[in-house]
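File shown: entry_2.txt (compact mmCIF, C-alpha atoms and all ligand atoms).
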```
# COMPACT_ATOMS: atom_id res chain seq x y z
CA MET K 284 -12.92 -26.51 55.16
CA THR K 285 -13.81 -30.16 55.19
CA ASP K 286 -11.66 -32.97 56.54
CA GLN K 287 -10.95 -33.89 53.00
CA GLN K 288 -9.33 -30.57 52.23
CA THR K 289 -7.28 -30.18 55.37
CA GLY K 290 -6.01 -33.72 55.52
CA GLU K 291 -7.22 -34.11 59.10
CA GLY K 292 -9.77 -36.71 60.00
CA PRO K 293 -10.51 -40.13 58.70
CA THR K 294 -9.74 -39.95 54.99
CA ARG K 295 -7.39 -42.36 53.28
CA CYS K 296 -5.79 -42.14 49.88
CA GLY K 297 -3.25 -44.25 48.03
CA TYR K 298 -2.07 -45.92 44.87
CA VAL K 299 -2.76 -49.48 43.82
CA ALA K 300 -0.88 -51.04 40.90
CA LEU K 301 -2.62 -53.83 39.06
CA VAL K 302 0.00 -55.99 37.41
CA GLY K 303 -0.53 -59.06 35.33
CA ALA K 304 0.15 -60.81 32.08
CA PRO K 305 -1.64 -59.50 28.99
CA ASN K 306 -5.31 -60.45 28.87
CA ALA K 307 -5.54 -61.39 32.55
CA GLY K 308 -8.50 -59.02 32.89
CA LYS K 309 -6.95 -55.85 34.35
CA SER K 310 -9.06 -53.44 32.34
CA THR K 311 -12.25 -55.36 33.01
CA LEU K 312 -11.53 -55.38 36.74
CA LEU K 313 -10.68 -51.70 36.75
CA ASN K 314 -13.98 -50.89 35.10
CA GLN K 315 -15.79 -52.95 37.76
CA LEU K 316 -13.91 -51.36 40.63
CA VAL K 317 -14.55 -47.87 39.43
CA GLY K 318 -17.98 -48.45 38.00
CA ALA K 319 -17.44 -46.48 34.82
CA LYS K 320 -15.91 -47.09 31.45
CA ILE K 321 -12.40 -45.82 31.87
CA ALA K 322 -9.87 -48.37 30.83
CA ILE K 323 -10.44 -49.87 27.42
CA VAL K 324 -11.43 -53.52 27.18
CA THR K 325 -10.73 -55.48 24.05
CA PRO K 326 -10.20 -59.20 23.56
CA LYS K 327 -6.75 -58.67 22.03
CA VAL K 328 -3.51 -58.85 23.95
CA GLN K 329 -1.17 -55.92 24.49
CA THR K 330 -3.81 -53.28 23.97
CA THR K 331 -3.24 -51.26 27.11
CA ARG K 332 -0.15 -49.34 26.11
CA THR K 333 -0.42 -46.40 28.39
CA ARG K 334 -0.92 -46.13 32.10
CA VAL K 335 -4.56 -45.22 32.49
CA THR K 336 -5.24 -44.13 36.03
CA ALA K 337 -8.68 -44.39 37.51
CA ILE K 338 -10.11 -43.69 40.94
CA ALA K 339 -12.45 -45.67 43.10
CA ILE K 340 -14.07 -44.25 46.18
CA GLU K 341 -15.10 -46.51 49.03
CA GLU K 342 -16.43 -44.81 52.13
CA ASP K 343 -13.60 -42.54 53.34
CA SER K 344 -10.94 -43.96 51.03
CA GLN K 345 -9.81 -42.88 47.64
CA ILE K 346 -8.06 -45.65 45.74
CA ILE K 347 -6.05 -44.53 42.75
CA PHE K 348 -5.50 -47.40 40.36
CA VAL K 349 -2.55 -47.54 38.07
CA ASP K 350 -3.56 -49.82 35.26
CA THR K 351 -0.37 -51.12 33.78
CA PRO K 352 0.36 -52.46 30.32
CA GLY K 353 0.67 -56.22 30.35
CA ILE K 354 3.99 -57.27 31.77
CA PHE K 355 5.60 -59.76 29.45
CA LYS K 356 9.02 -60.51 28.05
CA PRO K 357 9.94 -57.54 25.89
CA SER K 358 11.60 -58.05 22.57
CA ARG K 359 10.94 -54.98 20.50
CA ARG K 360 11.58 -51.42 21.62
CA LEU K 361 7.91 -50.53 22.03
CA GLU K 362 7.41 -53.62 24.15
CA LYS K 363 10.35 -52.66 26.35
CA ALA K 364 8.84 -49.22 26.92
CA MET K 365 5.52 -50.81 27.85
CA VAL K 366 7.10 -53.18 30.32
CA ASP K 367 9.25 -50.44 31.90
CA ALA K 368 6.17 -48.24 32.27
CA ALA K 369 4.30 -51.10 33.89
CA TRP K 370 6.99 -51.73 36.48
CA GLY K 371 7.48 -48.02 37.11
CA GLY K 372 3.81 -47.78 38.05
CA ALA K 373 4.00 -50.85 40.22
CA GLU K 374 7.06 -49.87 42.19
CA ASP K 375 5.68 -46.48 43.20
CA ALA K 376 2.40 -47.91 44.45
CA ASP K 377 1.26 -48.38 48.05
CA ARG K 378 -0.07 -51.78 47.17
CA ILE K 379 0.65 -54.17 44.34
CA VAL K 380 -2.06 -56.50 43.17
CA LEU K 381 -1.17 -59.30 40.80
CA ILE K 382 -4.03 -60.45 38.65
CA ILE K 383 -3.86 -63.93 37.16
CA ASP K 384 -6.05 -65.50 34.52
CA ALA K 385 -6.95 -68.56 36.60
CA VAL K 386 -7.80 -70.53 33.47
CA LYS K 387 -4.24 -70.20 32.24
CA GLY K 388 -2.69 -70.52 35.70
CA ILE K 389 0.97 -69.74 36.39
CA THR K 390 2.30 -69.15 32.90
CA ALA K 391 5.86 -68.11 32.07
CA ASP K 392 4.72 -64.45 32.11
CA VAL K 393 3.18 -64.84 35.57
CA GLU K 394 6.28 -66.63 36.80
CA ARG K 395 8.43 -63.74 35.57
CA ILE K 396 6.29 -61.22 37.48
CA ILE K 397 6.42 -63.26 40.67
CA ALA K 398 10.19 -63.58 40.31
CA ARG K 399 10.51 -59.81 40.00
CA LEU K 400 8.36 -59.23 43.09
CA GLU K 401 10.48 -61.73 45.00
CA LYS K 402 13.69 -60.09 43.85
CA ASN K 403 12.46 -56.65 44.91
CA GLU K 404 11.08 -58.09 48.14
CA ARG K 405 7.64 -56.67 47.42
CA ARG K 406 4.60 -58.25 48.94
CA ALA K 407 1.37 -58.28 46.97
CA HIS K 408 -2.18 -59.50 46.89
CA VAL K 409 -3.01 -61.98 44.21
CA ILE K 410 -6.27 -62.21 42.34
CA LEU K 411 -7.41 -65.33 40.58
CA ASN K 412 -9.69 -64.00 37.88
CA LYS K 413 -12.27 -65.63 35.59
CA ILE K 414 -13.69 -67.96 38.23
CA ASP K 415 -16.96 -67.92 36.26
CA ILE K 416 -15.42 -70.33 33.77
CA LEU K 417 -13.31 -72.48 36.05
CA LYS K 418 -13.77 -75.62 38.10
CA ARG K 419 -13.40 -75.23 41.85
CA ASP K 420 -10.78 -77.97 42.17
CA SER K 421 -8.28 -76.40 39.82
CA LEU K 422 -8.88 -73.04 41.50
CA LEU K 423 -7.99 -74.42 44.91
CA ALA K 424 -4.88 -76.14 43.58
CA LEU K 425 -3.74 -72.88 42.03
CA ALA K 426 -4.41 -70.95 45.25
CA GLN K 427 -2.42 -73.53 47.18
CA SER K 428 0.66 -73.28 44.97
CA LEU K 429 0.56 -69.48 45.11
CA SER K 430 0.28 -69.36 48.88
CA GLU K 431 3.44 -71.47 49.04
CA ARG K 432 5.38 -68.66 47.35
CA GLY K 433 5.27 -66.67 50.59
CA ILE K 434 4.95 -63.16 49.11
CA PHE K 435 1.19 -62.92 48.86
CA ASP K 436 -0.82 -61.43 51.71
CA GLU K 437 -4.26 -62.39 50.45
CA ILE K 438 -5.57 -64.50 47.61
CA TYR K 439 -8.82 -63.33 46.06
CA MET K 440 -11.00 -65.34 43.74
CA ILE K 441 -13.09 -63.16 41.51
CA SER K 442 -14.82 -62.76 38.20
CA ALA K 443 -14.06 -59.33 36.82
CA LEU K 444 -16.66 -60.02 34.18
CA THR K 445 -19.61 -60.72 36.48
CA GLY K 446 -18.33 -58.67 39.42
CA ASP K 447 -18.30 -61.68 41.72
CA GLY K 448 -15.89 -61.00 44.61
CA VAL K 449 -15.01 -57.49 43.44
CA ALA K 450 -16.76 -55.59 46.26
CA ASN K 451 -14.82 -57.53 48.87
CA LEU K 452 -11.55 -56.73 47.13
CA ARG K 453 -12.40 -53.04 46.96
CA THR K 454 -13.28 -52.91 50.66
CA THR K 455 -9.99 -54.52 51.64
CA LEU K 456 -7.95 -52.20 49.46
CA ALA K 457 -9.82 -49.17 50.78
CA GLY K 458 -8.92 -50.13 54.35
CA GLU K 459 -5.26 -50.53 53.40
CA MET K 460 -4.75 -47.10 51.91
CA PRO K 461 -2.61 -44.76 54.02
CA HIS K 462 -4.30 -42.00 56.00
CA GLY K 463 -4.25 -38.70 54.20
CA PRO K 464 -6.26 -36.20 52.21
CA TRP K 465 -7.92 -37.15 48.98
CA LEU K 466 -5.83 -36.19 46.00
CA TYR K 467 -8.69 -35.83 43.54
CA PRO K 468 -12.13 -34.26 43.70
CA GLU K 469 -14.91 -36.76 44.22
CA ASP K 470 -16.42 -36.35 40.79
CA GLN K 471 -13.15 -36.78 38.93
CA LEU K 472 -13.20 -40.44 38.08
CA ALA K 473 -10.77 -40.54 35.21
CA ILE K 474 -7.60 -38.55 35.33
CA ALA K 475 -5.98 -39.92 32.20
CA PRO K 476 -5.59 -36.97 29.92
CA MET K 477 -8.76 -36.77 27.89
CA ARG K 478 -6.95 -36.61 24.58
CA GLN K 479 -5.15 -39.84 25.29
CA LEU K 480 -8.34 -41.48 26.47
CA ALA K 481 -10.15 -40.38 23.32
CA ALA K 482 -7.36 -41.88 21.19
CA GLU K 483 -7.71 -45.14 23.12
CA VAL K 484 -11.41 -45.24 22.31
CA THR K 485 -10.74 -44.97 18.58
CA ARG K 486 -7.96 -47.52 18.79
CA GLU K 487 -10.32 -49.92 20.52
CA LYS K 488 -12.85 -49.55 17.70
CA LEU K 489 -10.16 -50.07 15.06
CA PHE K 490 -9.02 -53.26 16.73
CA MET K 491 -12.55 -54.57 17.00
CA ARG K 492 -13.34 -53.68 13.43
CA LEU K 493 -10.14 -54.85 11.76
CA ASN K 494 -9.98 -58.01 13.78
CA GLN K 495 -6.95 -60.05 12.68
CA GLU K 496 -6.21 -57.99 9.60
CA LEU K 497 -3.75 -55.52 11.05
CA PRO K 498 -0.72 -56.09 13.21
CA TYR K 499 -0.11 -53.98 16.29
CA SER K 500 1.82 -51.42 14.32
CA LEU K 501 -0.98 -48.92 14.49
CA THR K 502 -1.43 -45.98 16.79
CA VAL K 503 -3.96 -43.20 17.20
CA GLU K 504 -3.25 -39.67 18.31
CA THR K 505 -5.60 -36.84 19.13
CA GLU K 506 -4.34 -33.84 17.19
CA SER K 507 -6.80 -31.24 18.28
CA TRP K 508 -9.53 -30.83 20.85
CA GLU K 509 -11.76 -27.85 20.63
CA GLU K 510 -14.63 -27.07 22.96
CA ARG K 511 -17.26 -25.12 21.12
CA LYS K 512 -19.66 -22.46 22.31
CA ASP K 513 -22.68 -24.71 21.73
CA GLY K 514 -21.27 -27.17 24.29
CA SER K 515 -20.06 -29.72 21.74
CA VAL K 516 -16.46 -30.84 21.25
CA ARG K 517 -14.58 -31.09 17.96
CA ILE K 518 -11.94 -33.79 18.07
CA GLN K 519 -9.44 -34.47 15.32
CA GLN K 520 -7.41 -37.65 15.37
CA VAL K 521 -4.79 -39.30 13.20
CA VAL K 522 -4.45 -43.03 12.77
CA PHE K 523 -0.80 -43.80 12.09
CA VAL K 524 0.01 -46.99 10.21
CA SER K 525 3.55 -48.17 9.60
CA ARG K 526 3.13 -49.39 6.01
CA ALA K 527 1.49 -47.84 2.96
CA ASN K 528 -0.43 -51.03 2.22
CA HIS K 529 -2.13 -50.85 5.63
CA LYS K 530 -3.81 -47.58 4.80
CA PRO K 531 -6.43 -49.04 2.41
CA ILE K 532 -7.24 -51.71 5.02
CA VAL K 533 -7.94 -49.08 7.65
CA LEU K 534 -9.95 -46.98 5.23
CA GLY K 535 -11.98 -49.89 3.88
CA LYS K 536 -13.86 -49.98 0.62
CA GLY K 537 -14.97 -46.46 -0.21
CA GLY K 538 -13.88 -45.37 3.27
CA GLN K 539 -16.53 -47.57 4.89
CA THR K 540 -14.31 -49.02 7.63
CA ILE K 541 -12.95 -45.75 8.94
CA LYS K 542 -16.42 -44.22 8.73
CA LYS K 543 -17.89 -46.97 10.88
CA VAL K 544 -14.98 -46.76 13.34
CA GLY K 545 -15.56 -43.01 13.59
CA GLU K 546 -19.26 -43.50 14.28
CA LEU K 547 -18.67 -46.07 17.01
CA ALA K 548 -15.90 -44.03 18.64
CA ARG K 549 -18.04 -40.89 18.52
CA GLU K 550 -20.92 -42.66 20.27
CA ASP K 551 -18.61 -43.80 23.08
CA LEU K 552 -17.02 -40.39 23.41
CA GLU K 553 -20.40 -38.68 23.60
CA GLU K 554 -21.37 -41.02 26.39
CA MET K 555 -18.10 -40.47 28.26
CA LEU K 556 -18.07 -36.69 27.86
CA GLY K 557 -21.79 -36.14 28.16
CA CYS K 558 -21.94 -33.81 25.17
CA ARG K 559 -22.13 -33.87 21.39
CA VAL K 560 -18.88 -34.81 19.69
CA HIS K 561 -17.70 -34.10 16.17
CA LEU K 562 -14.97 -36.59 15.42
CA PHE K 563 -12.65 -36.34 12.42
CA LEU K 564 -10.31 -39.22 11.62
CA PHE K 565 -7.35 -39.14 9.24
CA VAL K 566 -5.12 -42.04 8.27
CA LYS K 567 -1.41 -41.37 7.76
CA VAL K 568 1.50 -43.60 6.91
CA ARG K 569 4.49 -43.13 9.14
CA GLU K 570 6.91 -45.93 8.51
CA LYS K 571 9.22 -45.22 11.38
CA TRP K 572 6.70 -44.53 14.13
CA LEU K 573 7.87 -47.49 16.15
CA ASP K 574 11.30 -45.82 16.40
CA ASP K 575 10.12 -42.25 16.92
CA PRO K 576 10.52 -40.90 20.51
CA GLU K 577 7.73 -38.35 19.95
CA ARG K 578 5.13 -41.09 19.37
CA TYR K 579 6.14 -42.70 22.67
CA ARG K 580 5.74 -39.40 24.52
CA GLU K 581 2.25 -39.06 23.07
CA MET K 582 1.42 -42.46 24.53
CA GLY K 583 2.78 -41.44 27.93
CA LEU K 584 5.75 -43.80 27.65
CA ASP K 585 9.48 -43.19 28.03
CA PHE K 586 11.51 -43.96 24.93
CA PRO K 587 13.72 -46.90 25.87
CA LYS K 588 17.39 -46.77 25.09
CA GLY K 589 18.91 -49.61 23.17
N1 LIG E 601 -14.98 -65.27 31.44
C1 LIG E 601 -14.32 -64.19 31.87
N2 LIG E 601 -13.67 -63.39 31.00
C2 LIG E 601 -13.03 -62.30 31.48
C3 LIG E 601 -13.03 -61.98 32.85
N3 LIG E 601 -12.29 -60.84 33.01
C4 LIG E 601 -11.87 -60.47 31.79
N4 LIG E 601 -12.30 -61.34 30.85
C5 LIG E 601 -12.06 -61.29 29.40
O1 LIG E 601 -10.67 -61.44 29.15
C6 LIG E 601 -10.25 -60.61 28.06
C7 LIG E 601 -9.12 -59.67 28.49
O2 LIG E 601 -9.61 -58.73 29.44
P1 LIG E 601 -8.94 -57.27 29.63
O3 LIG E 601 -9.62 -56.66 30.79
O4 LIG E 601 -8.88 -56.53 28.35
O5 LIG E 601 -7.46 -57.72 30.01
P2 LIG E 601 -6.17 -56.84 30.33
O6 LIG E 601 -5.44 -57.59 31.36
O7 LIG E 601 -6.55 -55.43 30.64
O8 LIG E 601 -5.40 -56.94 28.98
P3 LIG E 601 -4.27 -55.97 28.36
O9 LIG E 601 -5.00 -54.74 27.92
O10 LIG E 601 -3.76 -56.77 27.22
O11 LIG E 601 -3.26 -55.72 29.41
C8 LIG E 601 -11.51 -59.87 27.59
O12 LIG E 601 -12.06 -60.59 26.51
C9 LIG E 601 -12.42 -59.93 28.81
O13 LIG E 601 -13.79 -59.88 28.49
C10 LIG E 601 -13.74 -62.85 33.76
O14 LIG E 601 -13.83 -62.67 34.96
N5 LIG E 601 -14.36 -63.94 33.21
```

Would you mind writing the file's structure down as structure tokens?
Ligand SMILES: Nc1nc2c(ncn2[C@@H]2O[C@H](COP(=O)(O)OP(=O)(O)OP(=O)(O)O)[C@@H](O)[C@H]2O)c(=O)[nH]1
Amino acid sequence: MTDQQTGEGPTRCGYVALVGAPNAGKSTLLNQLVGAKIAIVTPKVQTTRTRVTAIAIEEDSQIIFVDTPGIFKPSRRLEKAMVDAAWGGAEDADRIVLIIDAVKGITADVERIIARLEKNERRAHVILNKIDILKRDSLLALAQSLSERGIFDEIYMISALTGDGVANLRTTLAGEMPHGPWLYPEDQLAIAPMRQLAAEVTREKLFMRLNQELPYSLTVETESWEERKDGSVRIQQVVFVSRANHKPIVLGKGGQTIKKVGELAREDLEEMLGCRVHLFLFVKVREKWLDDPERYREMGLDFPKG
């Protein structure tokens, strides 16, 4: 048995929760830290609905990242579920890391997160992201006002996009993880259920393709996943829209939009899975999906009461 299996020896393993306002760059950072495409990056806000967990390995440490949905002021039920899920992930973690879009600075959303950390007496690291597009002076002023809050252990200045400063952050986090056996095999980088991850990929392509045309009332579910003898995978997914008049938008003229989305998603899935993928997409209208507990379960969220 190796040290890793027995729990003796030098290994470390722990959970890190990345919290931040929507669009701060959590998914981009996670991809950099892990070095593989795991969380989904899109330029739209509120896209990370589920907690995608990814693992980074640094020397003897295994760092399990809980990528949280953007923490913002919830108004609708789905939003409340997202925010609750985000805080649930954060409160169980060994280390909380707050990521801030340094261009935007301390917005009302960021202020709300800091207030919650203060209330729960949780210390955190803070990351000032997007330094590639920011002047040094404003960065230093921001760092100064954050250090005055008294709950941050370290302030990191990084660019999740270019990777600047990311290695240093990973090394620090690795050293902070508690001693203990690794919880996941070395080659298992993504532990988000594959079906959910595959649905995220399609949702990402839909968002990119539809641009501003559709509101957020759209969800994708993987209905079936069949591994075939020839090594390929057959994946069937349903795109749920909440209104009948959204269906033709998703389908596009002569089905062109959904066809293109399917092609792009299939390419990504083939790359992620390392095998041929047959992807079948269906569009269904489900008016009440935003109020249906089952849809929330599929997204890995608890259905909020009230
Ligand atoms: N210039 C610059 N852009 C960045 C950087 N990090 C992220 N972005 C961009 O900011 C946008 C949001 O990044 P995401 O990683 O999706 O943000 P997120 O916090 O995961 O967002 P949610 O999924 O809404 O929670 C994307 O367009 C990224 O390309 C950075 O360091 N520099």

(request) Please tell me which residues are no farther than 10 Å from (-4.8, -67.7, 49.4) in the file, counting only C-alpha atoms, and write them as a list in words. (result)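 So the residues meeting the distance criterion are His408, Val409, Ile410, Leu411, Leu423, Leu425, Ala426, Gln427, Ser428, Leu429, Ser430, Glu431, Phe435, Asp436, Glu437, Ile438, Tyr439 and Met440 of chain K.
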
(message) Considering all atoms listed in the file, can you say which of K:Asn306, K:Thr505, K:Asn494, K:Asn451 comes closest to Val522 of chain K?
(response) K:Thr505

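With distances taken over all atoms listed in the file, K:Ile383 is the one residue among K:Ile383, K:Leu452, K:Val516, K:Leu466 lying closest to ligand LIG 601 (chain E).
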
(request) Please indicate the distance in Å from atom CA of Gly537 of chain K to atom CA of Gln520 of chain K, rounded to one decimal place. (result) 19.4 Å

(message) Counting only C-alpha atoms and all ligand atoms, which residue out of K:Val544, K:Cys296, K:Ala304, K:Ile340 sits closest to ligand LIG 601 (chain E)?
(response) K:Ala304

(request) Record the distance separating atom C3 of ligand LIG 601 (chain E) and atom CA of Ile434 of chain K, expressed in Å with one decimal. (result)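 Value for the atom C3 of ligand LIG 601 (chain E)-atom CA of Ile434 of chain K distance: 24.3 Å.
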
Centre, x/y/z edge lengths, axis-aligned box for segment 511-514 of chain K with 6 Å per side, as lines of an AutoDock Vina configuration file:
```
center_x = -20.0
center_y = -24.8
center_z = 22.7
size_x = 17.4
size_y = 16.7
size_z = 15.2
```

(message) Neighbouring residues of Ser500 of chain K were defined as those with any atom within 8 Å, considering only C-alpha atoms; residues of the same chain fewer than 6 positions away were excluded. Please report them as an NGL selection string.
(response) :K and (524-525 or 573)
